[in-house]
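> Quick one: the structure is below, questions incoming.
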Amino acid sequence: MGDSEEGETLRGTFPSFMAEGLMLSRRGELAKALNCYSYALQLQVGDRNCLVARSKCYLRLGDTENALKDAEASLQNDKEFTKGLYQKAEALYTMGDFEFALVYYHRGHRLRPELQKFKLGIQKCQEAIENSVGSPSSVKLENRGDLCFLSRQAESKKAKQKLQVKFPQKGARYGSRQQEPVRNEKTERQLLGELYIDKAFLEKLLKDEDLTKSTTKQGVTVGDMIQEGLSYLDTRTDFWQQQKPIYARIRDRKLVLKRWTREQKRKPSEVARYILKSMEEIDMLLTSGCPERSCHKAEQVLKKIQGWSDDEVPNRSELLGNLYSCIGNAQIEMGHMGAALQSHRLDLDIARENNLTDTISRALDNIGRVYARMGSFQEAIDTWEEKIPLAKSNLEKTWLFHEIGRCYLEIEKAAEARAYGERSLACAEEEGDIEWQLNAGVLVAQAQVKLQDFQSAVTCFEKALEKAKRVRNDVAQQAIIIALDEANKGFIKDLKEERRLERLRELREFEDEEEEEEEGEGEESSAQDAVEGETGQKWEATVEKQEEEAAEVAQGGENQVADTEGAEQGGSEEGAMEDVEREAEGERGETGGQPERTEEAEKEDDSGSLSQDVPG
């Protein structure tokens, strides 16, 4: 930092520098945090908490010497400052002075036995010492000669020592490294872990003489840099070998595996508590309008429970079905109908496999809702009708019948909609639920409107309006009033139509009666005309016949006169007259006429007959 930046920074206060340093340290920006702590110490020189904080930064940066100095400075005024004791022990342990670190861990534990960090420090120091020199049971101490003990001054000097990396001189050959004990490659790989690849890469670079002889801009040869890195890795290998050897790593790995296995076998109470808490959280997220988070949480719990056995979760199948149901409901709220349908079908499959009646009913209910949302009303009807035998309470039946009737109304099947609406209304009345009585009544009225039964629809709408007023549902009241007005208009229209049809019917009946009367009079007149016509025809025929016969007689008389003129000239006039009279009488006989006969004529007839009987 420049002087101007430092001046601006120093304008802050001690607490602000401390807070900023803590925040930067948590972020991992250790260099900036170190500067903040240094500025804070300029404002309050010797603050022990700030010294401990800066010591932690130094230790994390690998500067163990400055870390130890700050830790000792924090103990200058108070030797029993537990934070300073712990920080000094940590610095000594990192430097490899396990014995001195153990001393300060014990001091802190004696002052604050409730702190777990001192117990862990004692344990890890003891393990590191045993890993370095062996178990104490394998060492026998003998009292031979005088025993010399290190003084406190020597201890303090020893505490200030640090692990120093000795680099080879520049004149030394890079290929000829110091004689070191040959390590097993497998052991070294286990100790270094991921750093083993880096070490192998550096050793490969070290074999390239041209590269090792080259120099950087600062005048440092690449060989020196490679040798420095290899020496650091060797030193850390020795440190990790002392701190935790291979057999200790294997033992820890087994302990971790055992602990993991033990954790996997959870107690039933812990499993039940976790499941209950998770389900409550899922429901809360869904009801609070966060379907995405609810779905994500349900999927996490589902994945976790799928990894558990039936022994750990006795009702595992039922729980999986519940989670699929929760996921499906969340997907409905998100508008993902296809995925929701698939989730609810999985719930239904699990329920049928395990013969869970309640779960089957719930899954059918949800599947029907998805179909109805998608507009597949016939599929929704089929699904909900399958659920009818599983419905237990009247309230559930009320809802179910209402939804089925609503779907029938959507597909223009008003008769079925009215039937299911009446069933829903009956269940709601039996349950005593006014809200559902209102809904079912409106459904029945709407179906009756579709069926053109406006009078019944008006009655149902009026009853529904009363129930809406009882529950104080203003929205329903307004909707029912509008529907009632339309039904009344339809009812009035029907009345007018009925009256018009009735008038037309009466008019037709009157016209039919008049036509029947006219037809009767016509038949009588036609019969009379027919009789008169027949009489006239007969009379005309008689007259014509008489005229024809008279003409024939006249012709015959002329012919006879012509014939008899030659034989009998001047025949008697009386004979001719008789012939004429006989012909006239014959004509009268033929025509049916019978003129009145006089006594003289009768006598003449008698005398004529007598003369015919007597031969001439």
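Labeling convention for the structure tokens: chains A, B, ... as they appear, residues from 1 per chain, ligands from 1 in order of appearance.
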Output as a tab-separated table one row per residue of range 317-342 of chain A within 7 Å of range 296-310 of chain A: the closest atom pair and its distance in Å to one decimal place, counting only C-alpha atoms, sorted by chain and residue number ascending.

residue	atom	partner	partner_atom	distance
A:Leu320	CA	A:Leu302	CA	6.6
A:Leu323	CA	A:Ala298	CA	6.0
A:Cys326	CA	A:Ala298	CA	6.9
A:Ile327	CA	A:Ala298	CA	6.2
> Take the residues from that selection and write them out as a short mmCIF file (atom, residue, chain, number, x, y, z; two decimals), in the first residue's frame, keeping all heavy atoms.

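out14.cif written:
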data_model
loop_
_atom_site.label_atom_id
_atom_site.label_comp_id
_atom_site.auth_asym_id
_atom_site.auth_seq_id
_atom_site.Cartn_x
_atom_site.Cartn_y
_atom_site.Cartn_z
N LEU A 320 -42.48 -42.65 0.52
CA LEU A 320 -42.10 -42.32 -0.86
C LEU A 320 -43.31 -41.82 -1.66
O LEU A 320 -43.21 -40.88 -2.44
CB LEU A 320 -41.49 -43.55 -1.53
CG LEU A 320 -40.11 -44.00 -1.02
CD1 LEU A 320 -39.69 -45.30 -1.70
CD2 LEU A 320 -39.06 -42.93 -1.26
N LEU A 323 -44.03 -38.25 -0.74
CA LEU A 323 -43.10 -37.31 -1.36
C LEU A 323 -43.41 -37.12 -2.84
O LEU A 323 -43.34 -35.99 -3.35
CB LEU A 323 -41.67 -37.83 -1.17
CG LEU A 323 -41.13 -37.75 0.26
CD1 LEU A 323 -39.81 -38.49 0.38
CD2 LEU A 323 -40.96 -36.30 0.67
N CYS A 326 -46.28 -34.75 -2.95
CA CYS A 326 -45.85 -33.37 -2.70
C CYS A 326 -45.17 -32.77 -3.92
O CYS A 326 -45.40 -31.60 -4.28
CB CYS A 326 -44.92 -33.32 -1.49
SG CYS A 326 -45.71 -33.71 0.08
N ILE A 327 -44.34 -33.57 -4.57
CA ILE A 327 -43.66 -33.08 -5.79
C ILE A 327 -44.69 -32.78 -6.87
O ILE A 327 -44.61 -31.75 -7.56
CB ILE A 327 -42.64 -34.12 -6.26
CG1 ILE A 327 -41.48 -34.24 -5.25
CG2 ILE A 327 -42.09 -33.76 -7.64
CD1 ILE A 327 -40.53 -35.38 -5.53
#
> Taking 3 positions as the minimum chain separation for residues in the same chain, which residues sit within 10 Å of range 484-491 of chain A when counting only C-alpha atoms? Answer as a PDB file with C-alpha atoms, in the first residue's frame.

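Result went into selection24.pdb, see below:
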ATOM      1  CA  ALA A 445     -79.243 -24.536 -11.355  1.00  0.00           C
ATOM      2  CA  GLN A 446     -76.692 -24.179 -14.136  1.00  0.00           C
ATOM      3  CA  GLN A 448     -81.195 -26.887 -15.383  1.00  0.00           C
ATOM      4  CA  VAL A 449     -80.521 -23.761 -17.437  1.00  0.00           C
ATOM      5  CA  GLN A 452     -84.067 -25.271 -20.630  1.00  0.00           C
ATOM      6  CA  ASP A 453     -85.839 -25.939 -17.320  1.00  0.00           C
ATOM      7  CA  PHE A 454     -85.836 -22.270 -16.360  1.00  0.00           C
ATOM      8  CA  GLN A 455     -88.528 -22.478 -13.703  1.00  0.00           C
ATOM      9  CA  SER A 456     -86.579 -25.066 -11.666  1.00  0.00           C
ATOM     10  CA  ALA A 457     -83.370 -23.124 -12.305  1.00  0.00           C
ATOM     11  CA  VAL A 458     -84.920 -19.958 -10.861  1.00  0.00           C
ATOM     12  CA  THR A 459     -85.968 -21.858  -7.757  1.00  0.00           C
ATOM     13  CA  CYS A 460     -82.465 -23.313  -7.249  1.00  0.00           C
ATOM     14  CA  PHE A 461     -80.794 -19.951  -7.838  1.00  0.00           C
ATOM     15  CA  GLU A 462     -83.058 -18.316  -5.256  1.00  0.00           C
ATOM     16  CA  LEU A 465     -78.758 -16.787  -3.126  1.00  0.00           C
ATOM     17  CA  GLN A 478     -73.362 -10.961  -7.457  1.00  0.00           C
ATOM     18  CA  ALA A 479     -72.778 -13.970  -9.698  1.00  0.00           C
ATOM     19  CA  ILE A 480     -76.019 -15.642  -8.616  1.00  0.00           C
ATOM     20  CA  ILE A 481     -78.034 -12.431  -9.158  1.00  0.00           C
ATOM     21  CA  ASP A 494     -90.732 -19.792 -22.233  1.00  0.00           C
ATOM     22  CA  LEU A 495     -94.053 -18.545 -20.848  1.00  0.00           C
ATOM     23  CA  LYS A 496     -94.590 -16.325 -23.861  1.00  0.00           C
ATOM     24  CA  GLU A 497     -93.729 -19.177 -26.167  1.00  0.00           C
TER      25      GLU A 497
END
> Write out as a ChimeraX atom specification the residues lying within 10 Å of range 416-427 of chain A, counting only C-alpha atoms and excluding same-chain residues fewer than 3 positions away.
/A:393-413,430-434,436-448,450-451
> If I take CA of Ser74 in chain A and CA of Lys88 in chain A, how far is one from the other in Å, to one decimal?
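Going from CA of Ser74 in chain A over to CA of Lys88 in chain A, I get 9.3 Å.
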> Determine the nearest neighbour of Thr359 in chain A from the options A:Thr212, A:Thr383, A:Ser325, A:Ser343, counting only C-alpha atoms.
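Smallest separation from Thr359 in chain A among the options: A:Ser325.
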> Work out how far apart CA of Leu205 in chain A and CA of Gly219 in chain A are and give it in Å to one decimal.
18.8 Å
> Skipping near chain neighbours, those fewer than 4 positions away, what residues fall within 8 Å of Cys36 in chain A using only C-alpha atoms, listed as a PyMOL selection string?
chain A and resi 17-18+20-21+32+40
> Write out the residues from the selection above, keeping N, CA and C atoms, as a compact mmCIF listing (two decimals), in the first residue's frame.

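Produced file again.txt, reproduced below:
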# COMPACT_ATOMS: atom_id res chain seq x y z
N PHE A 17 -11.25 -1.76 12.29
CA PHE A 17 -10.15 -2.55 11.74
C PHE A 17 -10.25 -4.01 12.16
N MET A 18 -10.63 -4.25 13.41
CA MET A 18 -10.78 -5.62 13.89
C MET A 18 -11.89 -6.35 13.13
N GLU A 20 -13.11 -5.63 10.16
CA GLU A 20 -12.73 -5.82 8.77
C GLU A 20 -11.70 -6.93 8.62
N GLY A 21 -10.75 -6.99 9.56
CA GLY A 21 -9.76 -8.07 9.51
C GLY A 21 -10.41 -9.43 9.70
N LYS A 32 -4.65 -9.06 3.29
CA LYS A 32 -5.40 -7.85 3.64
C LYS A 32 -5.82 -7.87 5.10
N ALA A 40 -4.77 -1.90 13.36
CA ALA A 40 -5.45 -1.88 14.65
C ALA A 40 -4.45 -1.83 15.79
> Could you check how far CA of Asp311 in chain A sits from CA of Ala272 in chain A, in Å to one decimal?
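Calculated distance between CA of Asp311 in chain A and CA of Ala272 in chain A is 12.8 Å.
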> Need to verify the contact set: Gln76 in chain A, 12 Å, only C-alpha atoms, exclusion of same-chain residues closer than 3 positions in sequence. Can you return it as an MDAnalysis selection string?
chainID A and resid 46:48 51 69:73 79:81 84:85
> Would you mind exporting the chosen residues as a tab-separated table (two decimals), in the first residue's frame, restricted to C-alpha atoms?

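Result saved to selection.tsv:
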chain	number	residue	atom	x	y	z
A	46	GLY	CA	-0.25	-4.56	22.64
A	47	ASP	CA	-3.94	-5.55	22.45
A	48	ARG	CA	-3.85	-9.27	23.19
A	51	LEU	CA	-2.22	-10.13	18.59
A	69	LYS	CA	6.12	-13.96	18.38
A	70	ASP	CA	2.56	-12.55	18.40
A	71	ALA	CA	1.34	-15.44	20.57
A	72	GLU	CA	4.10	-14.82	23.13
A	73	ALA	CA	3.39	-11.08	23.02
A	79	LYS	CA	0.43	-15.65	31.51
A	80	GLU	CA	-2.95	-17.33	31.98
A	81	PHE	CA	-4.62	-15.81	28.90
A	84	GLY	CA	-2.70	-16.82	23.90
A	85	LEU	CA	-1.81	-20.20	25.39
